[in-house]
file query33.txt (compact mmCIF, C-alpha atoms)
# COMPACT_ATOMS: atom_id res chain seq x y z
CA MET A 1 1.04 30.65 -6.83
CA ARG A 2 -2.67 31.13 -6.34
CA HIS A 3 -3.16 27.41 -6.79
CA GLU A 4 -0.52 26.63 -4.15
CA ASP A 5 -2.14 29.06 -1.73
CA ASP A 6 -5.51 27.42 -2.28
CA HIS A 7 -3.99 24.02 -1.72
CA ALA A 8 -2.29 25.09 1.51
CA LEU A 9 -5.55 26.63 2.71
CA LEU A 10 -7.42 23.44 1.97
CA GLU A 11 -4.82 21.43 3.84
CA ASP A 12 -5.17 23.67 6.87
CA GLU A 13 -8.96 23.41 6.74
CA LEU A 14 -8.72 19.67 6.60
CA ARG A 15 -6.37 19.53 9.60
CA VAL A 16 -8.84 21.55 11.65
CA LEU A 17 -11.75 19.46 10.44
CA LEU A 18 -10.05 16.18 11.29
CA GLU A 19 -9.12 17.38 14.75
CA ARG A 20 -12.63 18.67 15.46
CA GLY A 21 -14.58 15.94 13.76
CA THR A 22 -12.77 12.88 15.04
CA PRO A 23 -14.55 11.71 18.19
CA LEU A 24 -12.80 11.31 21.50
CA LEU A 25 -13.37 7.64 22.16
CA ARG A 26 -13.02 6.00 25.52
CA ALA A 27 -11.12 2.76 25.84
CA PRO A 28 -13.41 -0.19 26.57
CA GLU A 29 -13.23 -1.90 29.91
CA GLY A 30 -10.59 -4.61 29.92
CA ARG A 31 -8.95 -3.65 26.64
CA LEU A 32 -5.60 -5.08 27.69
CA ARG A 33 -7.23 -8.28 28.86
CA GLN A 34 -8.85 -8.63 25.45
CA VAL A 35 -5.51 -8.00 23.76
CA ARG A 36 -3.88 -10.72 25.86
CA GLU A 37 -6.71 -13.10 25.05
CA ARG A 38 -6.20 -12.48 21.35
CA VAL A 39 -2.50 -13.28 21.69
CA THR A 40 -3.26 -16.44 23.65
CA ARG A 41 -5.80 -17.60 21.06
CA ARG A 42 -3.36 -16.91 18.27
CA ARG A 43 -0.54 -18.85 19.96
CA ARG A 44 -2.87 -21.77 20.60
CA ARG A 45 -3.96 -21.76 16.95
CA LEU A 46 -0.37 -21.68 15.73
CA ARG A 47 0.61 -24.52 18.07
CA MET A 48 -2.27 -26.62 16.79
CA ALA A 49 -1.39 -25.82 13.18
CA GLY A 50 2.24 -26.75 13.84
CA ALA A 51 1.26 -30.05 15.43
CA THR A 52 -1.06 -30.82 12.52
CA ALA A 53 1.66 -30.04 9.99
CA THR A 54 4.22 -32.17 11.82
CA GLY A 55 1.82 -35.08 12.08
CA ALA A 56 0.80 -34.79 8.46
CA ALA A 57 4.41 -34.68 7.32
CA ALA A 58 5.25 -37.72 9.44
CA LEU A 59 2.27 -39.65 8.06
CA THR A 60 3.17 -38.74 4.51
CA LEU A 61 6.77 -39.75 5.00
CA ALA A 62 5.78 -43.01 6.69
CA GLY A 63 3.37 -43.75 3.87
CA ALA A 64 6.02 -43.10 1.26
CA LEU A 65 8.53 -45.34 3.03
CA LEU A 66 6.28 -48.23 3.99
CA LEU A 67 3.75 -48.44 1.18
CA PRO A 68 5.42 -47.83 -2.15
CA THR A 69 2.99 -48.69 -4.93
CA THR A 70 3.74 -49.28 -8.57
CA GLU A 71 2.19 -45.93 -9.43
CA GLU A 72 4.32 -44.16 -6.89
CA ALA A 73 7.43 -45.95 -8.09
CA GLN A 74 6.77 -44.69 -11.60
CA ARG A 75 6.01 -41.13 -10.53
CA PRO A 76 8.89 -38.69 -11.01
CA ALA A 77 10.69 -38.00 -7.78
CA LEU A 78 9.45 -35.00 -5.88
CA PRO A 79 11.90 -32.15 -5.88
CA ALA A 80 14.31 -31.98 -2.99
CA ALA A 81 14.29 -29.18 -0.49
CA PRO A 82 14.18 -25.81 -2.21
CA PRO A 83 17.55 -24.49 -3.28
CA SER A 84 19.07 -21.55 -1.55
CA THR A 85 17.59 -19.18 -4.13
CA GLY A 86 14.18 -19.97 -2.67
CA VAL A 87 12.76 -21.12 -6.02
CA MET A 88 9.90 -23.53 -5.42
CA ALA A 89 9.72 -26.34 -7.95
CA PRO A 90 6.30 -27.60 -9.06
CA LEU A 91 4.55 -30.19 -6.91
CA ALA A 92 2.30 -32.98 -8.07
CA GLU A 93 0.25 -33.78 -4.96
CA PRO A 94 -2.34 -32.28 -2.66
CA VAL A 95 -0.80 -29.61 -0.49
CA SER A 96 -2.02 -28.12 2.71
CA PHE A 97 -1.52 -24.75 4.34
CA PRO A 98 -1.51 -25.40 8.09
CA GLU A 99 -1.57 -21.71 8.96
CA LEU A 100 -4.62 -21.12 6.75
CA ASN A 101 -7.01 -23.25 8.76
CA GLY A 102 -5.39 -26.34 7.23
CA LEU A 103 -6.63 -25.38 3.78
CA THR A 104 -5.84 -28.28 1.43
CA ILE A 105 -5.65 -27.90 -2.34
CA GLU A 106 -5.56 -30.59 -5.02
CA LEU A 107 -2.76 -29.12 -7.06
CA PRO A 108 -2.70 -29.85 -10.81
CA GLU A 109 0.51 -31.36 -12.14
CA ARG A 110 2.17 -28.24 -13.49
CA TRP A 111 1.25 -25.97 -10.60
CA SER A 112 3.44 -24.80 -7.71
CA ALA A 113 2.55 -23.92 -4.15
CA LEU A 114 4.19 -21.70 -1.61
CA ALA A 115 3.31 -21.00 2.01
CA VAL A 116 4.42 -17.74 3.57
CA PRO A 117 4.27 -18.07 7.35
CA ALA A 118 3.24 -15.31 9.71
CA ASP A 119 5.89 -13.19 11.29
CA THR A 120 5.97 -10.07 13.38
CA VAL A 121 5.89 -7.71 10.43
CA HIS A 122 3.29 -9.58 8.40
CA PRO A 123 1.26 -11.41 11.01
CA ASP A 124 -1.20 -12.83 8.53
CA PRO A 125 0.01 -16.03 6.86
CA LEU A 126 -0.44 -16.35 3.12
CA GLY A 127 -0.38 -19.05 0.49
CA PHE A 128 0.32 -18.82 -3.22
CA LEU A 129 -0.54 -21.11 -6.10
CA GLY A 130 0.83 -20.55 -9.56
CA ALA A 131 1.17 -22.26 -12.89
CA GLN A 132 4.82 -21.28 -12.79
CA SER A 133 7.70 -21.50 -10.32
CA LEU A 134 7.31 -19.23 -7.33
CA ALA A 135 10.40 -17.36 -6.20
CA PRO A 136 9.66 -15.12 -3.25
CA PHE A 137 11.52 -12.31 -1.62
CA THR A 138 13.85 -11.38 -4.39
CA ARG A 139 13.75 -7.66 -3.73
CA PRO A 140 11.94 -5.18 -1.48
CA CYS A 141 8.26 -4.75 -2.16
CA GLN A 142 6.90 -1.21 -2.01
CA LEU A 143 3.20 -2.01 -2.10
CA THR A 144 0.87 -0.78 0.61
CA ASP A 145 -0.61 -4.16 1.34
CA PRO A 146 2.03 -6.87 1.97
CA ARG A 147 -0.43 -9.39 0.56
CA ASP A 148 0.09 -7.77 -2.82
CA CYS A 149 3.78 -8.66 -2.83
CA ALA A 150 3.78 -11.56 -5.22
CA PRO A 151 6.31 -14.40 -5.41
CA VAL A 152 6.73 -13.90 -9.15
CA ARG A 153 8.41 -11.06 -10.97
CA ARG A 154 6.09 -11.17 -13.95
CA LEU A 155 3.26 -13.39 -15.08
CA GLY A 156 3.81 -15.00 -18.45
CA ARG A 157 1.09 -14.93 -21.08
CA GLY A 158 -1.79 -17.06 -19.88
CA ASP A 159 -0.38 -17.41 -16.34
CA VAL A 160 -2.37 -16.93 -13.18
CA LEU A 161 -1.34 -16.41 -9.58
CA ILE A 162 -3.68 -17.31 -6.72
CA THR A 163 -3.20 -15.66 -3.33
CA LEU A 164 -4.69 -17.57 -0.41
CA SER A 165 -5.44 -16.06 2.94
CA GLY A 166 -7.11 -17.36 6.04
CA GLY A 167 -10.24 -16.38 7.85
CA TRP A 168 -10.56 -13.87 10.62
CA SER A 169 -12.80 -13.08 13.52
CA GLY A 170 -15.22 -10.93 11.57
CA LYS A 171 -18.34 -12.44 10.07
CA GLN A 172 -19.67 -12.16 6.57
CA GLN A 173 -23.17 -10.84 6.24
CA ALA A 174 -25.84 -13.42 5.63
CA SER A 175 -26.57 -11.95 2.23
CA GLU A 176 -23.18 -13.03 0.97
CA THR A 177 -23.29 -16.05 -1.27
CA ALA A 178 -21.89 -19.36 -0.10
CA SER A 179 -21.12 -20.35 -3.68
CA ARG A 180 -17.61 -21.31 -4.61
CA ALA A 181 -17.97 -19.78 -8.06
CA LEU A 182 -15.34 -17.19 -8.85
CA SER A 183 -16.50 -13.61 -8.98
CA PRO A 184 -16.80 -11.96 -12.40
CA SER A 185 -13.64 -10.49 -13.89
CA ALA A 186 -12.63 -7.15 -12.47
CA ALA A 187 -9.85 -4.68 -13.02
CA PRO A 188 -6.58 -5.77 -11.40
CA ASP A 189 -5.55 -4.22 -8.11
CA GLU A 190 -2.18 -2.65 -7.50
CA GLY A 191 -0.37 -5.89 -6.72
CA CYS A 192 -1.89 -7.79 -9.63
CA GLU A 193 -1.08 -5.00 -12.02
CA ALA A 194 2.51 -4.89 -10.76
CA ILE A 195 3.16 -8.40 -12.03
CA GLY A 196 1.43 -7.89 -15.36
CA GLY A 197 -2.05 -9.10 -14.44
CA VAL A 198 -4.97 -7.75 -16.42
CA THR A 199 -7.86 -9.44 -14.64
CA LYS A 200 -8.71 -10.20 -11.06
CA ARG A 201 -11.29 -12.61 -9.71
CA GLY A 202 -11.88 -14.11 -6.30
CA VAL A 203 -14.02 -16.10 -3.95
CA ALA A 204 -14.32 -16.70 -0.22
CA LEU A 205 -15.04 -20.03 1.45
CA LEU A 206 -17.62 -19.60 4.15
CA ASP A 207 -18.64 -21.90 6.96
CA ASP A 208 -22.22 -23.00 7.50
CA GLY A 209 -23.05 -20.93 10.56
CA LYS A 210 -26.15 -18.77 10.36
CA PRO A 211 -27.22 -16.02 10.20
CA ASN A 212 -23.62 -14.79 9.84
CA ARG A 213 -21.02 -17.02 8.27
CA ARG A 214 -17.36 -16.89 9.11
CA ILE A 215 -14.90 -16.64 6.27
CA LEU A 216 -12.54 -19.60 6.40
CA ALA A 217 -10.30 -18.85 3.44
CA THR A 218 -10.14 -16.50 0.51
CA PHE A 219 -8.80 -17.01 -3.01
CA ARG A 220 -7.67 -13.99 -5.02
CA VAL A 221 -6.81 -14.82 -8.60
CA CYS A 222 -4.65 -12.53 -10.71
CA ALA A 223 -4.54 -13.48 -14.39
CA ALA A 224 -2.34 -12.30 -17.22
CA ALA A 225 -3.57 -11.70 -20.73
CA GLY A 226 -4.31 -14.82 -22.70
CA THR A 227 -5.52 -16.97 -19.82
CA THR A 228 -7.34 -19.88 -21.38
CA ASP A 229 -10.65 -21.41 -20.42
CA ALA A 230 -8.72 -24.56 -19.50
CA THR A 231 -6.67 -22.64 -16.95
CA TRP A 232 -9.77 -21.02 -15.48
CA ALA A 233 -11.32 -24.48 -15.28
CA GLU A 234 -8.25 -25.72 -13.35
CA VAL A 235 -8.59 -22.78 -10.98
CA GLN A 236 -12.29 -23.43 -10.43
CA THR A 237 -11.64 -27.14 -9.87
CA MET A 238 -9.03 -26.37 -7.22
CA ILE A 239 -11.51 -24.08 -5.48
CA ASP A 240 -14.31 -26.62 -5.75
CA ASN A 241 -12.10 -29.35 -4.25
CA ALA A 242 -10.49 -27.20 -1.58
CA ARG A 243 -11.11 -28.42 1.94
CA LEU A 244 -10.05 -27.60 5.44
CA GLY A 245 -7.92 -30.07 7.38
CA GLY A 246 -6.71 -33.29 5.82
CA SER A 247 -3.31 -34.92 5.84
CA ALA A 248 -1.62 -33.58 2.72
CA SER A 249 1.98 -32.45 2.73
CA PRO A 250 2.41 -28.87 3.86
CA ALA A 251 3.19 -26.48 1.05
CA PRO A 252 6.85 -25.49 0.92
CA SER A 253 7.70 -22.25 2.61
CA PRO A 254 10.66 -19.97 2.12
CA SER A 255 13.60 -20.55 4.42
CA LYS A 256 13.67 -16.84 5.07
CA PRO A 257 10.53 -15.17 6.38
CA PRO A 258 9.29 -12.03 4.65
CA SER A 259 10.14 -9.67 7.47
CA SER A 260 13.46 -8.44 6.17
CA SER A 261 12.83 -8.60 2.47
CA LYS A 262 9.50 -9.00 0.81
CA ALA A 263 8.38 -10.67 -2.32
CA GLY A 264 9.42 -9.34 -5.65
CA GLN A 265 6.97 -7.40 -7.70
CA MET B 266 8.02 -10.93 25.87
CA GLY B 267 4.68 -9.45 26.59
CA SER B 268 3.42 -12.01 29.03
CA ASP B 269 7.03 -12.72 29.94
CA GLY B 270 7.85 -9.21 31.03
CA GLY B 271 7.57 -5.54 30.19
CA ASP B 272 3.81 -5.46 30.75
CA GLY B 273 4.09 -2.29 32.75
CA ASP B 274 5.73 -0.43 29.90
CA PHE B 275 3.19 -1.73 27.44
CA GLU B 276 0.28 -0.76 29.66
CA ALA B 277 1.73 2.68 30.23
CA PHE B 278 2.18 3.17 26.52
CA VAL B 279 -1.38 2.09 25.75
CA ALA B 280 -2.74 4.31 28.49
CA ALA B 281 -0.80 7.31 27.22
CA ARG B 282 -1.09 6.89 23.47
CA GLY B 283 -4.17 4.69 23.16
CA PRO B 284 -6.68 7.54 22.85
CA ARG B 285 -4.78 9.15 20.00
CA LEU B 286 -4.23 5.83 18.25
CA LEU B 287 -7.92 5.01 18.63
CA ARG B 288 -8.87 8.30 16.98
CA MET B 289 -6.53 7.46 14.13
CA ALA B 290 -8.15 4.05 13.87
CA TRP B 291 -11.55 5.72 13.72
CA LEU B 292 -10.40 7.88 10.83
CA LEU B 293 -9.11 4.82 9.01
CA THR B 294 -12.25 2.79 9.53
CA GLY B 295 -14.96 5.43 9.91
CA ASP B 296 -16.58 3.23 12.55
CA ARG B 297 -16.23 3.17 16.33
CA HIS B 298 -16.36 -0.58 16.81
CA LEU B 299 -14.07 -1.32 13.89
CA ALA B 300 -11.67 1.31 15.20
CA GLU B 301 -11.37 -0.45 18.55
CA ASP B 302 -11.07 -3.79 16.78
CA LEU B 303 -8.32 -2.44 14.53
CA LEU B 304 -6.39 -1.04 17.47
CA GLN B 305 -6.74 -4.25 19.47
CA THR B 306 -5.68 -6.33 16.49
CA VAL B 307 -2.52 -4.29 16.15
CA LEU B 308 -1.80 -4.22 19.87
CA ALA B 309 -2.11 -8.00 19.90
CA LYS B 310 0.49 -8.19 17.16
CA VAL B 311 2.79 -5.78 18.96
CA TRP B 312 2.56 -7.03 22.53
CA PRO B 313 4.53 -10.29 22.12
CA ASN B 314 7.46 -8.29 20.70
CA TRP B 315 7.03 -5.22 22.81
CA ARG B 316 10.54 -5.11 24.27
CA LYS B 317 12.09 -5.01 20.80
CA ILE B 318 9.54 -2.60 19.36
CA ALA B 319 9.63 -0.26 22.34
CA ALA B 320 13.37 0.15 21.94
CA GLU B 321 12.84 1.98 18.66
CA HIS B 322 9.78 4.01 17.68
CA PRO B 323 6.76 2.12 18.99
CA GLU B 324 4.16 4.67 17.97
CA ALA B 325 5.48 4.90 14.42
CA TYR B 326 5.53 1.12 14.27
CA ILE B 327 1.94 0.89 15.49
CA ARG B 328 0.75 3.58 13.09
CA LYS B 329 2.32 1.69 10.21
CA ALA B 330 0.84 -1.60 11.41
CA MET B 331 -2.60 0.01 11.69
CA VAL B 332 -2.44 1.35 8.14
CA HIS B 333 -1.32 -1.99 6.73
CA THR B 334 -3.79 -4.01 8.80
CA HIS B 335 -6.62 -1.76 7.71
CA ALA B 336 -5.52 -2.07 4.08
CA SER B 337 -5.54 -5.82 4.56
CA TRP B 338 -9.09 -5.75 5.94
CA TRP B 339 -10.13 -3.56 3.03
CA ARG B 340 -8.71 -6.02 0.52
CA ARG B 341 -10.70 -8.75 2.19
CA ARG B 342 -13.92 -6.80 1.72
CA TRP B 343 -14.29 -6.14 5.44
CA ARG B 344 -16.40 -3.13 4.50
CA GLY B 345 -19.62 -5.09 4.31
CA GLU B 346 -19.17 -7.01 7.52
CA VAL B 347 -20.25 -6.61 11.07
CA PRO B 348 -17.54 -6.72 13.72
CA HIS B 349 -17.06 -9.67 16.01
CA GLY B 350 -19.90 -10.16 18.43
CA ASP B 351 -17.95 -9.89 21.68
CA LEU B 352 -16.75 -6.37 21.11
CA PRO B 353 -17.37 -4.18 24.13
CA ASP B 354 -20.31 -1.81 24.10
CA SER B 355 -18.57 0.71 26.26
CA VAL B 356 -16.98 2.63 23.41
CA THR B 357 -18.77 5.92 23.87
CA SER B 358 -18.07 9.46 22.95
CA ILE B 359 -17.18 11.90 25.69
CA ASP B 360 -19.26 14.55 24.00
CA ALA B 361 -21.87 12.43 22.35
CA PHE B 362 -24.12 15.11 20.97
CA ALA B 363 -22.25 18.30 20.23
CA HIS B 364 -20.29 16.91 17.34
CA VAL B 365 -22.53 14.15 16.17
CA ASP B 366 -23.39 15.76 12.85
CA LEU B 367 -19.83 16.65 12.13
CA GLU B 368 -18.65 13.19 13.14
CA GLN B 369 -21.19 11.51 10.89
CA SER B 370 -20.41 13.75 7.95
CA LEU B 371 -16.69 13.22 8.37
CA ALA B 372 -17.09 9.46 8.73
CA ALA B 373 -19.17 9.28 5.56
CA ALA B 374 -16.70 11.41 3.62
CA ILE B 375 -13.69 9.48 4.87
CA ARG B 376 -15.34 6.19 3.99
CA ALA B 377 -15.87 7.47 0.46
CA LEU B 378 -12.11 7.73 -0.06
CA PRO B 379 -10.13 4.84 -1.51
CA VAL B 380 -8.14 3.10 1.19
CA ARG B 381 -4.78 4.51 0.13
CA GLN B 382 -6.04 8.08 -0.04
CA ARG B 383 -7.60 7.59 3.36
CA ALA B 384 -4.27 6.48 4.78
CA VAL B 385 -2.54 9.48 3.26
CA VAL B 386 -5.12 11.85 4.74
CA VAL B 387 -4.79 10.34 8.20
CA LEU B 388 -1.00 10.32 8.25
CA ARG B 389 -0.48 13.71 6.55
CA TYR B 390 -3.25 15.77 8.07
CA PHE B 391 -4.25 14.06 11.32
CA GLU B 392 -0.85 12.77 12.41
CA ASP B 393 0.78 15.78 10.73
CA MET B 394 3.54 13.70 9.22
CA SER B 395 5.74 15.04 6.45
CA VAL B 396 5.33 13.86 2.89
CA GLU B 397 8.56 11.90 3.22
CA ASP B 398 7.55 10.20 6.48
CA THR B 399 4.12 9.40 5.07
CA ALA B 400 5.73 7.88 2.00
CA ALA B 401 8.07 5.81 4.16
CA THR B 402 5.17 4.55 6.26
CA LEU B 403 3.11 3.61 3.23
CA GLY B 404 6.07 2.23 1.30
CA CYS B 405 5.54 4.47 -1.72
CA ALA B 406 7.16 7.46 -3.40
CA PRO B 407 6.70 11.01 -2.04
CA GLY B 408 5.15 11.96 -5.36
CA THR B 409 2.49 9.32 -4.83
CA VAL B 410 1.68 10.79 -1.43
CA LYS B 411 1.29 14.25 -2.96
CA SER B 412 -0.94 13.07 -5.76
CA GLN B 413 -3.07 10.93 -3.45
CA ALA B 414 -3.38 13.84 -1.02
CA SER B 415 -4.50 16.17 -3.81
CA LYS B 416 -7.14 13.74 -4.99
CA ALA B 417 -8.36 13.20 -1.44
CA LEU B 418 -8.55 16.93 -0.81
CA ARG B 419 -10.62 17.43 -3.94
CA THR B 420 -12.97 14.65 -2.94
CA LEU B 421 -13.36 15.85 0.63
CA ARG B 422 -13.91 19.42 -0.49
CA ALA B 423 -16.67 18.24 -2.79
CA LEU B 424 -18.26 16.10 -0.09
CA LEU B 425 -17.81 18.54 2.78
CA PRO B 426 -17.83 22.02 1.22
CA THR B 427 -19.53 23.84 4.07
CA THR B 428 -17.80 21.95 6.84
CA MET B 429 -14.35 22.59 5.50
CA ALA B 430 -15.08 26.26 4.97
CA GLU B 431 -16.35 26.51 8.53
CA ALA B 432 -13.21 24.83 9.75
CA GLY B 433 -11.18 27.44 7.88
CA ASP B 434 -13.24 30.28 9.34
CA ARG B 435 -12.86 28.91 12.83
CA ARG B 436 -9.13 28.65 12.38
CA ALA B 437 -8.93 32.22 11.04
CA ALA B 438 -10.96 33.52 13.95

call {"tool": "encode", "arguments": {"input": "query33.txt", "output": "structure tokens"}}
result
Amino acid sequence: MRHEDDHALLEDELRVLLERGTPLLRAPEGRLRQVRERVTRRRRRLRMAGATATGAAALTLAGALLLPTTEEAQRPALPAAPPSTGVMAPLAEPVSFPELNGLTIELPERWSALAVPADTVHPDPLGFLGAQSLAPFTRPCQLTDPRDCAPVRRLGRGDVLITLSGGWSGKQQASETASRALSPSAAPDEGCEAIGGVTKRGVALLDDGKPNRRILATFRVCAAAGTTDATWAEVQTMIDNARLGGSASPAPSPSKPPSSSKAGQ
Amino acid sequence: MGSDGGDGDFEAFVAARGPRLLRMAWLLTGDRHLAEDLLQTVLAKVWPNWRKIAAEHPEAYIRKAMVHTHASWWRRRWRGEVPHGDLPDSVTSIDAFAHVDLEQSLAAAIRALPVRQRAVVVLRYFEDMSVEDTAATLGCAPGTVKSQASKALRTLRALLPTTMAEAGDRRAA
């Protein structure tokens, strides 16, 4: 009882403190104009990304139809459009993520890619790379950060899942490294832990502007127990070879956007 | 929508609720410029769909979007960055001096909280939402809200012992 009273008292003190201590901030001049400008910039960026993706797909298709080589003839057929379950079969070619600044990844043979487009609920587009099939949106995700909602139920032993996200308007401090080397292993975050990950690593690709560099794309790697050096080497190679732009096929995206049902945990 | 109609409603909403939402953004970010940036980011997401959002609970929607957007920034290590260069300089406090110490202490203490605890504190104790509503906004169980709130309270009490006691005295008086 005494404990509950103390707790209630603390809560009341905190309410008063928050009300008193939070400054009364004035809106900047032209706030709504700035909001409209942000929307306009975003629409323009999405239009450009869409045009790039359409052009890249057309070029790829034309190349496949007009210039079949012996190597291509021998290569196993690419999987058809994803089945209605949304399961994404592995790809064997470079893939691009038009909504992530055209980020293009050289995907190893056994890996899969998945693009999750922006929508009104999750306005930030995402990409996923995994050494297993990616099956998004199987059940509601209860995690705080939608980016933690992974397109796999559970990582198998030795599996990794890479979450890709795009840049934003903020700038990284000049002291940040421009290296593409993955960060040291760290404890998994909530989303990584939810799918059985035991280690998390990451890296951000920065542009060359100085003194502040913009972040162009980020890689967050969640790894299960038993991840081999060979797998980490594949991950590092993908990061080393990642580029912006290019004419690779867009990564497959789910037919249903994540607004109504999110990725499974 | 947005540019296609309903601007008046949107502007009226921002004029009426903007100050409160900006204070909430400040509590989430602990920084005046980031607070304005967070609010603008969310308003830019909301504006194109304003007609649909306004038909339900726009403020609840925006609060939820602010919490999730801030969590997203946090995940991307926004903490160590400077905001975009063209942010306005006109974000000023109405009473710039009287509460400066308290504001700085509170900002430092709030920034010391993990992002989820911070969100719980803001929704439960600044927005005065119930445990259930807070849980629904954060997409977690009510028990999680309670445990996160308890941890946050312990941390804040340790970081702001005198300030919280003064707040209690002031309330009692």

call {"tool": "atom_distance", "arguments": {"input": "query33.txt", "atom1": "CA of Ser415 (chain B)", "atom2": "CA of Leu403 (chain B)"}}
result
16.3 Å

call {"tool": "residues_around", "arguments": {"input": "query33.txt", "residues": "Leu114 (chain A)", "least_positions_apart": "3", "cutoff": "9 Å", "atoms": "all atoms listed in the file", "output": "list in words"}}
result
Met88, Phe97, Leu126, Gly127, Phe128, Leu129, Gly130, Leu134, Ala135, Pro136, Pro151, Ala251, Pro252, Ser253 and Pro254 of chain A

call {"tool": "residues_near_point", "arguments": {"input": "query33.txt", "point": "(-15.3, 13.6, 3.5)", "cutoff": "12 Å", "atoms": "all atoms listed in the file", "output": "PyMOL selection string"}}
result
(chain A and resi 14+17-18+21-22) or (chain B and resi 292+295+367-379+382-383+386-387+416-429)

call {"tool": "closest_residue", "arguments": {"input": "query33.txt", "among": "A:Arg243, A:Arg47, A:Arg38, A:Arg33", "to": "chain B", "atoms": "all atoms listed in the file"}}
result
A:Arg38

call {"tool": "closest_residue", "arguments": {"input": "query33.txt", "among": "B:Asp302, B:Pro323, B:Trp315, B:Val332", "to": "Thr399 (chain B)", "atoms": "all atoms listed in the file"}}
result
B:Val332

call {"tool": "atom_distance", "arguments": {"input": "query33.txt", "atom1": "CA of Gly158 (chain A)", "atom2": "CA of Arg110 (chain A)"}}
result
13.5 Å

call {"tool": "atom_distance", "arguments": {"input": "query33.txt", "atom1": "CA of Arg153 (chain A)", "atom2": "CA of Glu109 (chain A)"}}
result
21.8 Å

call {"tool": "closest_residue", "arguments": {"input": "query33.txt", "among": "A:Leu107, A:Ile195, A:Ala150, A:Ala204", "to": "chain B", "atoms": "all atoms listed in the file"}}
result
A:Ala204

call {"tool": "closest_residue", "arguments": {"input": "query33.txt", "among": "A:Ala27, A:Val235, A:Glu11, A:Glu106", "to": "Arg282 (chain B)", "atoms": "only C-alpha atoms"}}
result
A:Ala27

call {"tool": "closest_residue", "arguments": {"input": "query33.txt", "among": "B:Val396, B:Leu388, B:Val410, B:Ala309", "to": "chain A", "atoms": "all atoms listed in the file"}}
result
B:Ala309
